[in-house]
Amino acid sequence: MSTTLSSTSIPAFLNILGNLSHLIEKAQLDAKTRGYDSKVLVDFRFAPDMLPLKNQILIACDAAKLCVARVSGLEAPKFADSEVTLEDLQERIQKTLNWIRSAPAHALDGLEDKEITFPVGKEATKTMRAQDYVSFWALPNVYFHVTTAYNILRHNGVQIGKRDYLVGSADLV
C-alpha cells in the first residue's frame, strides 16, 4: 500500500479525535461520580495566557477538518463555537468525525504538491506544500491540542492514563 495524503491524514484524525471523545466520556463520568459541575473542566486552563479545555477541543477539531478541507477543496462545515458543556464538546467532536469520515479519499490523493495557504495567528499566513502541511503542521497541531486537553483532564483528577490517550490506536494495528 502506498502512502497518500488521505492515508496519512484521515485515519490519524479519526483515531486521535476518537481518543479525545473517549477522554471526554471519562471526564463526564468523573464529574458525575465525584459530584462536581463539569463546567470547571470546560473552563480550566493551566496559565492565564493559555486557552481553556473548551478551546483545546475546538481547535483540535477545527485543525483536523480544515486540513481535510484545505487539501481536498471540499467545504468544511462551520460550527458556531457555542459549546459550554462537556456534552456540547462531545457533540462537536462527533460532528467533526462524521464530516471527516464523509470526505472521499480521492479528493486528497495526488495533491501532495498543492500549495496550501492558511492563517497563522490573527494576522499572518503561511504557505506549505500539502504533504508538508499535513505532516508538519496539521497533524502536530491536532496532537498538541488533544495532548493539552488530556493534561488538563489528568491534572484535575480525571482517572485517565496513556492507555486512554491511545485507546483508538488498537483498531488500526
# chains A, B, ... in the order shown; residues from 1 in each chain; ligands from 1
$ residues_around --residues "Val134 in chain A" --least-positions-apart "5" --cutoff "8 Å" --atoms "only C-alpha atoms" --output "PyMOL selection string"
chain A and resi 5+8-9+67+139
$ write_last_selection --atoms "C-alpha atoms" --output "compact mmCIF listing (two decimals), in the first residue's frame"
# COMPACT_ATOMS: atom_id res chain seq x y z
CA LEU A 5 -2.43 12.24 1.75
CA THR A 8 -1.64 9.90 6.18
CA SER A 9 -4.32 12.26 7.44
CA CYS A 67 -6.78 20.33 6.93
CA LEU A 139 -1.14 16.58 12.45
$ residues_around --residues "Pro11 in chain A" --least-positions-apart "2" --cutoff "12 Å" --atoms "only C-alpha atoms" --output "number ranges by chain"
A: 3-9, 13-18, 64, 68, 97, 100-101, 103, 105, 139, 168-169, 171-173
$ select_by_dssp --residues "chain A" --states "helix (DSSP H, G or I)" --output "PyMOL selection string"
chain A and resi 5-34+39-42+53-72+86-102+105-107+130-155+162-165+167-171
$ select_by_dssp --residues "chain A" --states "strand (DSSP E or B)" --output "ChimeraX atom specification"
/A:115-120,124-129
$ closest_residue --among "A:Ser38, A:Thr117, A:Gln159, A:Thr85" --to "Asn55 in chain A" --atoms "only C-alpha atoms"
A:Thr85
$ closest_residue --among "A:Ser82, A:Ser102, A:Thr147, A:Asn141" --to "Val120 in chain A" --atoms "only C-alpha atoms"
A:Asn141
$ atom_distance --atom1 "CA of Asp81 in chain A" --atom2 "CA of Leu51 in chain A"
13.8 Å
$ atom_distance --atom1 "CA of Gly73 in chain A" --atom2 "CA of Ala60 in chain A"
19.7 Å
$ residues_around --residues "Ala31 in chain A" --least-positions-apart "5" --cutoff "10 Å" --atoms "only C-alpha atoms" --output "list in words"
Lys26, Tyr36, Asp37, Ser38, Lys39, Val40, Leu41, Leu86, Gly157 and Val158 of chain A
$ write_last_selection --atoms "C-alpha atoms" --output "compact mmCIF listing (two decimals), in the first residue's frame"
# COMPACT_ATOMS: atom_id res chain seq x y z
CA LYS A 26 -14.23 9.61 31.05
CA TYR A 36 -18.93 18.26 40.69
CA ASP A 37 -20.02 20.63 37.95
CA SER A 38 -18.11 19.61 34.82
CA LYS A 39 -18.02 23.29 33.79
CA VAL A 40 -14.89 23.58 35.95
CA LEU A 41 -13.17 21.26 33.48
CA LEU A 86 -18.72 18.52 28.09
CA GLY A 157 -8.12 14.22 38.72
CA VAL A 158 -9.95 12.52 35.87
